[in-house]
Amino acid sequence: MLGEDGQKMSKSKRNYRDPSEIFDLYGADALRWYFFANQPPWTSIRYSEQAIKDSIPEFLLRLWNVYSFFTIYANIDEFDPNERGPQEKAAGQIDASTFSDASTYRPLSERGELDRWIFSELNATTATVVERMDAYDNYAACQAITDFVDALSNWYVRRSRKRFWASDRQAADKLDAYWTLYECLITTTKLIAPFVPFLAESLWQNLAVAIFGRAAPESVHLTDYPIVGLTAVDEALSQQMNLVREITSLGRQARSGAGLKVRQPLAKVEIILADATHQDWLESHTELIAEELNVEAVEFTENAEQYIDYALVPNFKRLGPKLGKNMPKVKKLLGGVDGGKMLAELKSTGKVALDLGDGESIDLDEQDIEVRLRAKEGWAAAQGRGVVVVLATELTPELLAGGLAKDLMRVIQDLRKDEGCEFTDRIEIGIVTAAAELQAAIESYRDTIMDETLAVAISLAALEGVEPHTVTVGEHAADVYLRVVR
């Protein structure tokens, strides 16, 4: 094992921190997860305290936040997986068979697409973890768990928030969300038990023992490991949802490259697919894509050259020894060709011929050339595996107003937290600003702002008896007054 200085760890050199100090600072689970998940077992382990620290928000804290989200709203809505009351039977396995006869529990086939997708991901992950652990490949097993927790947190929970926030506690869609998230957490708790036993035990005590009492094994380490439900795995749905997740990720990447905030609405996104297999499904989910990318319109096109072109540069490391003094010439020639046409030829035949002049030419393959995507004026683009996402970057007054409204919603949500508001507290808001643009945005998006912030009223005036918070919304100064009315 190598220390942070790249040298072999030794007591005499003291090139590592005492493990007990790591336990005190970050916890034993963080150190365990680092050793299991940081690098393949066939490589030399390089000890890094920073990597241990990074594993906390990347996995441990992310999973805990999902659990925290569930418990907060389950308590608010009095969701009880053990609605039949305390069970006095001997301890058994806590799984779907334990609560499937609850009056609010619906079979997976009757639940929505998002629920079916995360169950598919859960069971595919379980299959991967079991298969990899049987092969003593803890690294790949941990990567699969990390990917699932990311999907659970950053897609399922985020896309389901409005379902959890629905006012009707007995709405089928709301209850489906609770049951789905609960089952995912129970199974994930079992999956992670060999890797992070203390976190797993804490989750188990709260999710199983505290709810089912004697009907639950007293420890997660006394349960059976999860069994793969192959009928729940929907490969087509997984491919489709993963594609839409990639599209949204590329859209945010394009925004970042153009210096456009996520909260700033844009006119439209153009999606260019290399394979149209899932285009019909994507077209039926344009509302989802539009919401995720904060755009007004979603369109699909095959005419990529209208929005982008390609710059080709030589792979200097690979071509340098072969081309020698001709390298500058090749670089110049590649800079002057039609990148789109050459890329098409490269994909079609696997190589392109470049005329060097004086009767000399050279064949270049895909490893010889680096292809760089370049958006045309008024657009921002990013390319992934089989898809290019292009965003319109021109901002109209109406779009700028929408961006100000979203900025204001973010400010108000932050103030709710600062004021210690409960999740269900209703508030009254007063906003005083000299900026005409911000005033107009508030009037145009009043209903949306109120709905998103749980406000019963918004006025463009101070609230009597309330101290203001001076904030910046976009580039505009404002005094925001907030009163809890419950």
# chains A, B, ... in the order shown; residues from 1 in each chain; ligands from 1
call {"tool": "residues_around", "arguments": {"residues": "Leu273 in chain A", "least_positions_apart": "5", "cutoff": "8 Å", "atoms": "only C-alpha atoms", "output": "NGL selection string"}}
result
:A and (279 or 300-302 or 386-388)
call {"tool": "residues_around", "arguments": {"residues": "range 247-254 of chain A", "least_positions_apart": "2", "cutoff": "9 Å", "atoms": "only C-alpha atoms", "output": "list in words"}}
result
Asn242, Leu243, Val244, Arg245, Ser256, Gly257, Ala258, Gly259, Leu260, Lys261, Val262, Val269, Ile271, Ile289, Glu292, Leu293, Ala380, Ala381, Ala382, Gln383, Gly384, Val387, Val388, Val389, Val390 and Leu391 of chain A
call {"tool": "write_last_selection", "arguments": {"atoms": "N, CA and C atoms", "output": "mmCIF file, in the first residue's frame"}}
result
data_model
loop_
_atom_site.group_PDB
_atom_site.id
_atom_site.type_symbol
_atom_site.label_atom_id
_atom_site.label_comp_id
_atom_site.auth_asym_id
_atom_site.auth_seq_id
_atom_site.Cartn_x
_atom_site.Cartn_y
_atom_site.Cartn_z
ATOM 1 N N ASN A 242 -32.087 6.126 -19.264
ATOM 2 C CA ASN A 242 -30.675 6.508 -19.249
ATOM 3 C C ASN A 242 -30.351 7.480 -20.375
ATOM 4 N N LEU A 243 -31.032 7.321 -21.515
ATOM 5 C CA LEU A 243 -30.826 8.242 -22.632
ATOM 6 C C LEU A 243 -31.341 9.635 -22.287
ATOM 7 N N VAL A 244 -32.513 9.710 -21.678
ATOM 8 C CA VAL A 244 -33.048 11.030 -21.332
ATOM 9 C C VAL A 244 -32.206 11.666 -20.233
ATOM 10 N N ARG A 245 -31.650 10.854 -19.344
ATOM 11 C CA ARG A 245 -30.744 11.398 -18.315
ATOM 12 C C ARG A 245 -29.466 11.941 -18.962
ATOM 13 N N SER A 256 -23.296 25.234 -19.198
ATOM 14 C CA SER A 256 -22.107 25.624 -18.456
ATOM 15 C C SER A 256 -21.041 26.186 -19.393
ATOM 16 N N GLY A 257 -20.872 25.537 -20.535
ATOM 17 C CA GLY A 257 -19.883 26.006 -21.497
ATOM 18 C C GLY A 257 -20.209 27.374 -22.061
ATOM 19 N N ALA A 258 -21.501 27.701 -22.115
ATOM 20 C CA ALA A 258 -21.926 28.996 -22.647
ATOM 21 C C ALA A 258 -22.116 30.041 -21.552
ATOM 22 N N GLY A 259 -21.866 29.652 -20.301
ATOM 23 C CA GLY A 259 -22.006 30.592 -19.190
ATOM 24 C C GLY A 259 -23.444 30.936 -18.869
ATOM 25 N N LEU A 260 -24.377 30.000 -19.115
ATOM 26 C CA LEU A 260 -25.797 30.234 -18.849
ATOM 27 C C LEU A 260 -26.223 29.451 -17.613
ATOM 28 N N LYS A 261 -26.828 30.132 -16.646
ATOM 29 C CA LYS A 261 -27.259 29.479 -15.417
ATOM 30 C C LYS A 261 -28.402 28.503 -15.696
ATOM 31 N N VAL A 262 -28.476 27.457 -14.893
ATOM 32 C CA VAL A 262 -29.534 26.451 -15.039
ATOM 33 C C VAL A 262 -30.905 27.093 -14.860
ATOM 34 N N VAL A 269 -34.376 23.457 -27.281
ATOM 35 C CA VAL A 269 -33.261 22.533 -27.404
ATOM 36 C C VAL A 269 -33.492 21.690 -28.649
ATOM 37 N N ILE A 271 -32.295 18.166 -30.404
ATOM 38 C CA ILE A 271 -31.667 16.892 -30.060
ATOM 39 C C ILE A 271 -31.371 16.130 -31.343
ATOM 40 N N ILE A 289 -38.214 16.535 -20.613
ATOM 41 C CA ILE A 289 -36.945 17.094 -21.082
ATOM 42 C C ILE A 289 -36.953 18.609 -20.968
ATOM 43 N N GLU A 292 -36.504 19.587 -17.324
ATOM 44 C CA GLU A 292 -35.151 19.337 -16.846
ATOM 45 C C GLU A 292 -34.156 20.351 -17.403
ATOM 46 N N LEU A 293 -34.314 20.703 -18.676
ATOM 47 C CA LEU A 293 -33.371 21.624 -19.312
ATOM 48 C C LEU A 293 -33.816 23.082 -19.240
ATOM 49 N N ALA A 380 -25.353 26.598 -28.227
ATOM 50 C CA ALA A 380 -24.373 25.932 -27.357
ATOM 51 C C ALA A 380 -24.629 24.436 -27.477
ATOM 52 N N ALA A 381 -23.570 23.647 -27.558
ATOM 53 C CA ALA A 381 -23.748 22.223 -27.836
ATOM 54 C C ALA A 381 -22.837 21.363 -26.978
ATOM 55 N N ALA A 382 -23.275 20.116 -26.786
ATOM 56 C CA ALA A 382 -22.461 19.102 -26.113
ATOM 57 C C ALA A 382 -22.789 17.758 -26.738
ATOM 58 N N GLN A 383 -21.785 16.901 -26.831
ATOM 59 C CA GLN A 383 -21.942 15.614 -27.501
ATOM 60 C C GLN A 383 -21.676 14.488 -26.525
ATOM 61 N N GLY A 384 -22.538 13.464 -26.587
ATOM 62 C CA GLY A 384 -22.371 12.277 -25.769
ATOM 63 C C GLY A 384 -22.307 11.042 -26.630
ATOM 64 N N VAL A 387 -25.556 10.944 -29.142
ATOM 65 C CA VAL A 387 -26.511 12.045 -29.103
ATOM 66 C C VAL A 387 -25.765 13.364 -28.970
ATOM 67 N N VAL A 388 -26.284 14.362 -29.677
ATOM 68 C CA VAL A 388 -25.789 15.734 -29.562
ATOM 69 C C VAL A 388 -26.951 16.599 -29.097
ATOM 70 N N VAL A 389 -26.702 17.443 -28.102
ATOM 71 C CA VAL A 389 -27.726 18.339 -27.565
ATOM 72 C C VAL A 389 -27.302 19.772 -27.858
ATOM 73 N N VAL A 390 -28.215 20.536 -28.502
ATOM 74 C CA VAL A 390 -27.912 21.908 -28.908
ATOM 75 C C VAL A 390 -28.952 22.848 -28.302
ATOM 76 N N LEU A 391 -28.472 23.858 -27.573
ATOM 77 C CA LEU A 391 -29.364 24.818 -26.925
ATOM 78 C C LEU A 391 -29.310 26.165 -27.628
#
call {"tool": "residues_around", "arguments": {"residues": "Glu428 in chain A", "least_positions_apart": "3", "cutoff": "7 Å", "atoms": "only C-alpha atoms", "output": "number ranges by chain"}}
result
A: 455-458, 482-485
call {"tool": "decode", "arguments": {"residues": "range 110-157 of chain A", "atoms": "N, CA and C atoms", "output": "PDB file, in the first residue's frame"}}
result
ATOM      1  N   GLU A 110     -48.871  -1.842 -11.662  1.00  0.00           N
ATOM      2  CA  GLU A 110     -49.897  -0.799 -11.613  1.00  0.00           C
ATOM      3  C   GLU A 110     -49.304   0.575 -11.293  1.00  0.00           C
ATOM      4  N   ARG A 111     -48.027   0.630 -11.032  1.00  0.00           N
ATOM      5  CA  ARG A 111     -47.394   1.904 -10.682  1.00  0.00           C
ATOM      6  C   ARG A 111     -46.899   2.614 -11.945  1.00  0.00           C
ATOM      7  N   GLY A 112     -46.463   3.841 -11.770  1.00  0.00           N
ATOM      8  CA  GLY A 112     -46.037   4.662 -12.896  1.00  0.00           C
ATOM      9  C   GLY A 112     -44.697   4.244 -13.464  1.00  0.00           C
ATOM     10  N   GLU A 113     -44.378   4.864 -14.585  1.00  0.00           N
ATOM     11  CA  GLU A 113     -43.158   4.537 -15.318  1.00  0.00           C
ATOM     12  C   GLU A 113     -41.908   4.800 -14.493  1.00  0.00           C
ATOM     13  N   LEU A 114     -41.872   5.895 -13.750  1.00  0.00           N
ATOM     14  CA  LEU A 114     -40.704   6.220 -12.948  1.00  0.00           C
ATOM     15  C   LEU A 114     -40.460   5.177 -11.862  1.00  0.00           C
ATOM     16  N   ASP A 115     -41.536   4.683 -11.256  1.00  0.00           N
ATOM     17  CA  ASP A 115     -41.413   3.628 -10.245  1.00  0.00           C
ATOM     18  C   ASP A 115     -40.896   2.335 -10.862  1.00  0.00           C
ATOM     19  N   ARG A 116     -41.434   1.990 -12.012  1.00  0.00           N
ATOM     20  CA  ARG A 116     -40.991   0.756 -12.675  1.00  0.00           C
ATOM     21  C   ARG A 116     -39.523   0.864 -13.085  1.00  0.00           C
ATOM     22  N   TRP A 117     -39.124   2.071 -13.506  1.00  0.00           N
ATOM     23  CA  TRP A 117     -37.722   2.257 -13.913  1.00  0.00           C
ATOM     24  C   TRP A 117     -36.773   2.067 -12.743  1.00  0.00           C
ATOM     25  N   ILE A 118     -37.055   2.700 -11.601  1.00  0.00           N
ATOM     26  CA  ILE A 118     -36.103   2.599 -10.486  1.00  0.00           C
ATOM     27  C   ILE A 118     -36.077   1.178  -9.933  1.00  0.00           C
ATOM     28  N   PHE A 119     -37.185   0.466 -10.011  1.00  0.00           N
ATOM     29  CA  PHE A 119     -37.182  -0.939  -9.599  1.00  0.00           C
ATOM     30  C   PHE A 119     -36.337  -1.771 -10.555  1.00  0.00           C
ATOM     31  N   SER A 120     -36.405  -1.453 -11.838  1.00  0.00           N
ATOM     32  CA  SER A 120     -35.569  -2.136 -12.814  1.00  0.00           C
ATOM     33  C   SER A 120     -34.102  -1.898 -12.506  1.00  0.00           C
ATOM     34  N   GLU A 121     -33.754  -0.638 -12.204  1.00  0.00           N
ATOM     35  CA  GLU A 121     -32.373  -0.302 -11.863  1.00  0.00           C
ATOM     36  C   GLU A 121     -31.947  -1.000 -10.574  1.00  0.00           C
ATOM     37  N   LEU A 122     -32.841  -1.063  -9.610  1.00  0.00           N
ATOM     38  CA  LEU A 122     -32.527  -1.704  -8.331  1.00  0.00           C
ATOM     39  C   LEU A 122     -32.199  -3.180  -8.518  1.00  0.00           C
ATOM     40  N   ASN A 123     -33.011  -3.865  -9.295  1.00  0.00           N
ATOM     41  CA  ASN A 123     -32.790  -5.297  -9.477  1.00  0.00           C
ATOM     42  C   ASN A 123     -31.600  -5.581 -10.387  1.00  0.00           C
ATOM     43  N   ALA A 124     -31.377  -4.721 -11.379  1.00  0.00           N
ATOM     44  CA  ALA A 124     -30.184  -4.874 -12.213  1.00  0.00           C
ATOM     45  C   ALA A 124     -28.927  -4.642 -11.382  1.00  0.00           C
ATOM     46  N   THR A 125     -28.989  -3.673 -10.482  1.00  0.00           N
ATOM     47  CA  THR A 125     -27.857  -3.404  -9.589  1.00  0.00           C
ATOM     48  C   THR A 125     -27.610  -4.581  -8.661  1.00  0.00           C
ATOM     49  N   THR A 126     -28.684  -5.126  -8.111  1.00  0.00           N
ATOM     50  CA  THR A 126     -28.558  -6.291  -7.226  1.00  0.00           C
ATOM     51  C   THR A 126     -27.897  -7.451  -7.957  1.00  0.00           C
ATOM     52  N   ALA A 127     -28.315  -7.679  -9.193  1.00  0.00           N
ATOM     53  CA  ALA A 127     -27.720  -8.758  -9.986  1.00  0.00           C
ATOM     54  C   ALA A 127     -26.232  -8.520 -10.195  1.00  0.00           C
ATOM     55  N   THR A 128     -25.867  -7.282 -10.515  1.00  0.00           N
ATOM     56  CA  THR A 128     -24.449  -6.958 -10.736  1.00  0.00           C
ATOM     57  C   THR A 128     -23.640  -7.139  -9.456  1.00  0.00           C
ATOM     58  N   VAL A 129     -24.165  -6.659  -8.336  1.00  0.00           N
ATOM     59  CA  VAL A 129     -23.434  -6.752  -7.067  1.00  0.00           C
ATOM     60  C   VAL A 129     -23.218  -8.209  -6.675  1.00  0.00           C
ATOM     61  N   VAL A 130     -24.260  -9.017  -6.776  1.00  0.00           N
ATOM     62  CA  VAL A 130     -24.131 -10.432  -6.426  1.00  0.00           C
ATOM     63  C   VAL A 130     -23.123 -11.130  -7.345  1.00  0.00           C
ATOM     64  N   GLU A 131     -23.242 -10.872  -8.646  1.00  0.00           N
ATOM     65  CA  GLU A 131     -22.339 -11.512  -9.614  1.00  0.00           C
ATOM     66  C   GLU A 131     -20.892 -11.086  -9.395  1.00  0.00           C
ATOM     67  N   ARG A 132     -20.676  -9.790  -9.141  1.00  0.00           N
ATOM     68  CA  ARG A 132     -19.313  -9.287  -8.940  1.00  0.00           C
ATOM     69  C   ARG A 132     -18.725  -9.739  -7.603  1.00  0.00           C
ATOM     70  N   MET A 133     -19.540  -9.795  -6.568  1.00  0.00           N
ATOM     71  CA  MET A 133     -19.026 -10.236  -5.273  1.00  0.00           C
ATOM     72  C   MET A 133     -18.708 -11.724  -5.290  1.00  0.00           C
ATOM     73  N   ASP A 134     -19.486 -12.501  -6.052  1.00  0.00           N
ATOM     74  CA  ASP A 134     -19.164 -13.926  -6.210  1.00  0.00           C
ATOM     75  C   ASP A 134     -17.813 -14.095  -6.888  1.00  0.00           C
ATOM     76  N   ALA A 135     -17.418 -13.094  -7.684  1.00  0.00           N
ATOM     77  CA  ALA A 135     -16.120 -13.126  -8.362  1.00  0.00           C
ATOM     78  C   ALA A 135     -15.051 -12.372  -7.566  1.00  0.00           C
ATOM     79  N   TYR A 136     -15.375 -11.985  -6.330  1.00  0.00           N
ATOM     80  CA  TYR A 136     -14.452 -11.246  -5.455  1.00  0.00           C
ATOM     81  C   TYR A 136     -14.033  -9.909  -6.056  1.00  0.00           C
ATOM     82  N   ASP A 137     -14.925  -9.317  -6.825  1.00  0.00           N
ATOM     83  CA  ASP A 137     -14.651  -8.018  -7.448  1.00  0.00           C
ATOM     84  C   ASP A 137     -15.445  -6.954  -6.703  1.00  0.00           C
ATOM     85  N   ASN A 138     -14.949  -6.547  -5.540  1.00  0.00           N
ATOM     86  CA  ASN A 138     -15.664  -5.565  -4.727  1.00  0.00           C
ATOM     87  C   ASN A 138     -15.720  -4.191  -5.393  1.00  0.00           C
ATOM     88  N   TYR A 139     -14.709  -3.871  -6.206  1.00  0.00           N
ATOM     89  CA  TYR A 139     -14.660  -2.552  -6.855  1.00  0.00           C
ATOM     90  C   TYR A 139     -15.854  -2.363  -7.790  1.00  0.00           C
ATOM     91  N   ALA A 140     -16.093  -3.309  -8.684  1.00  0.00           N
ATOM     92  CA  ALA A 140     -17.211  -3.194  -9.622  1.00  0.00           C
ATOM     93  C   ALA A 140     -18.548  -3.244  -8.887  1.00  0.00           C
ATOM     94  N   ALA A 141     -18.622  -4.033  -7.817  1.00  0.00           N
ATOM     95  CA  ALA A 141     -19.847  -4.098  -7.025  1.00  0.00           C
ATOM     96  C   ALA A 141     -20.162  -2.734  -6.416  1.00  0.00           C
ATOM     97  N   CYS A 142     -19.142  -2.086  -5.863  1.00  0.00           N
ATOM     98  CA  CYS A 142     -19.338  -0.770  -5.256  1.00  0.00           C
ATOM     99  C   CYS A 142     -19.689   0.283  -6.299  1.00  0.00           C
ATOM    100  N   GLN A 143     -19.092   0.189  -7.487  1.00  0.00           N
ATOM    101  CA  GLN A 143     -19.427   1.139  -8.545  1.00  0.00           C
ATOM    102  C   GLN A 143     -20.898   1.025  -8.931  1.00  0.00           C
ATOM    103  N   ALA A 144     -21.403  -0.205  -8.977  1.00  0.00           N
ATOM    104  CA  ALA A 144     -22.815  -0.409  -9.307  1.00  0.00           C
ATOM    105  C   ALA A 144     -23.715   0.205  -8.234  1.00  0.00           C
ATOM    106  N   ILE A 145     -23.351   0.034  -6.968  1.00  0.00           N
ATOM    107  CA  ILE A 145     -24.135   0.618  -5.873  1.00  0.00           C
ATOM    108  C   ILE A 145     -24.091   2.143  -5.937  1.00  0.00           C
ATOM    109  N   THR A 146     -22.916   2.695  -6.173  1.00  0.00           N
ATOM    110  CA  THR A 146     -22.769   4.154  -6.277  1.00  0.00           C
ATOM    111  C   THR A 146     -23.643   4.703  -7.396  1.00  0.00           C
ATOM    112  N   ASP A 147     -23.628   4.042  -8.552  1.00  0.00           N
ATOM    113  CA  ASP A 147     -24.442   4.491  -9.693  1.00  0.00           C
ATOM    114  C   ASP A 147     -25.929   4.438  -9.355  1.00  0.00           C
ATOM    115  N   PHE A 148     -26.338   3.386  -8.634  1.00  0.00           N
ATOM    116  CA  PHE A 148     -27.763   3.269  -8.287  1.00  0.00           C
ATOM    117  C   PHE A 148     -28.178   4.366  -7.320  1.00  0.00           C
ATOM    118  N   VAL A 149     -27.369   4.613  -6.298  1.00  0.00           N
ATOM    119  CA  VAL A 149     -27.714   5.654  -5.327  1.00  0.00           C
ATOM    120  C   VAL A 149     -27.779   7.018  -6.009  1.00  0.00           C
ATOM    121  N   ASP A 150     -26.895   7.253  -6.972  1.00  0.00           N
ATOM    122  CA  ASP A 150     -26.945   8.492  -7.744  1.00  0.00           C
ATOM    123  C   ASP A 150     -28.257   8.585  -8.517  1.00  0.00           C
ATOM    124  N   ALA A 151     -28.665   7.487  -9.158  1.00  0.00           N
ATOM    125  CA  ALA A 151     -29.926   7.481  -9.905  1.00  0.00           C
ATOM    126  C   ALA A 151     -31.113   7.674  -8.966  1.00  0.00           C
ATOM    127  N   LEU A 152     -31.069   7.040  -7.801  1.00  0.00           N
ATOM    128  CA  LEU A 152     -32.154   7.157  -6.831  1.00  0.00           C
ATOM    129  C   LEU A 152     -32.284   8.593  -6.335  1.00  0.00           C
ATOM    130  N   SER A 153     -31.153   9.217  -6.028  1.00  0.00           N
ATOM    131  CA  SER A 153     -31.163  10.566  -5.465  1.00  0.00           C
ATOM    132  C   SER A 153     -31.409  11.634  -6.523  1.00  0.00           C
ATOM    133  N   ASN A 154     -30.585  11.617  -7.566  1.00  0.00           N
ATOM    134  CA  ASN A 154     -30.575  12.721  -8.525  1.00  0.00           C
ATOM    135  C   ASN A 154     -31.592  12.599  -9.646  1.00  0.00           C
ATOM    136  N   TRP A 155     -32.286  11.458  -9.707  1.00  0.00           N
ATOM    137  CA  TRP A 155     -33.327  11.347 -10.727  1.00  0.00           C
ATOM    138  C   TRP A 155     -34.655  10.926 -10.104  1.00  0.00           C
ATOM    139  N   TYR A 156     -34.691   9.771  -9.409  1.00  0.00           N
ATOM    140  CA  TYR A 156     -35.991   9.310  -8.903  1.00  0.00           C
ATOM    141  C   TYR A 156     -36.577  10.265  -7.871  1.00  0.00           C
ATOM    142  N   VAL A 157     -35.820  10.566  -6.821  1.00  0.00           N
ATOM    143  CA  VAL A 157     -36.355  11.435  -5.768  1.00  0.00           C
ATOM    144  C   VAL A 157     -36.625  12.832  -6.319  1.00  0.00           C
TER     145      VAL A 157
END
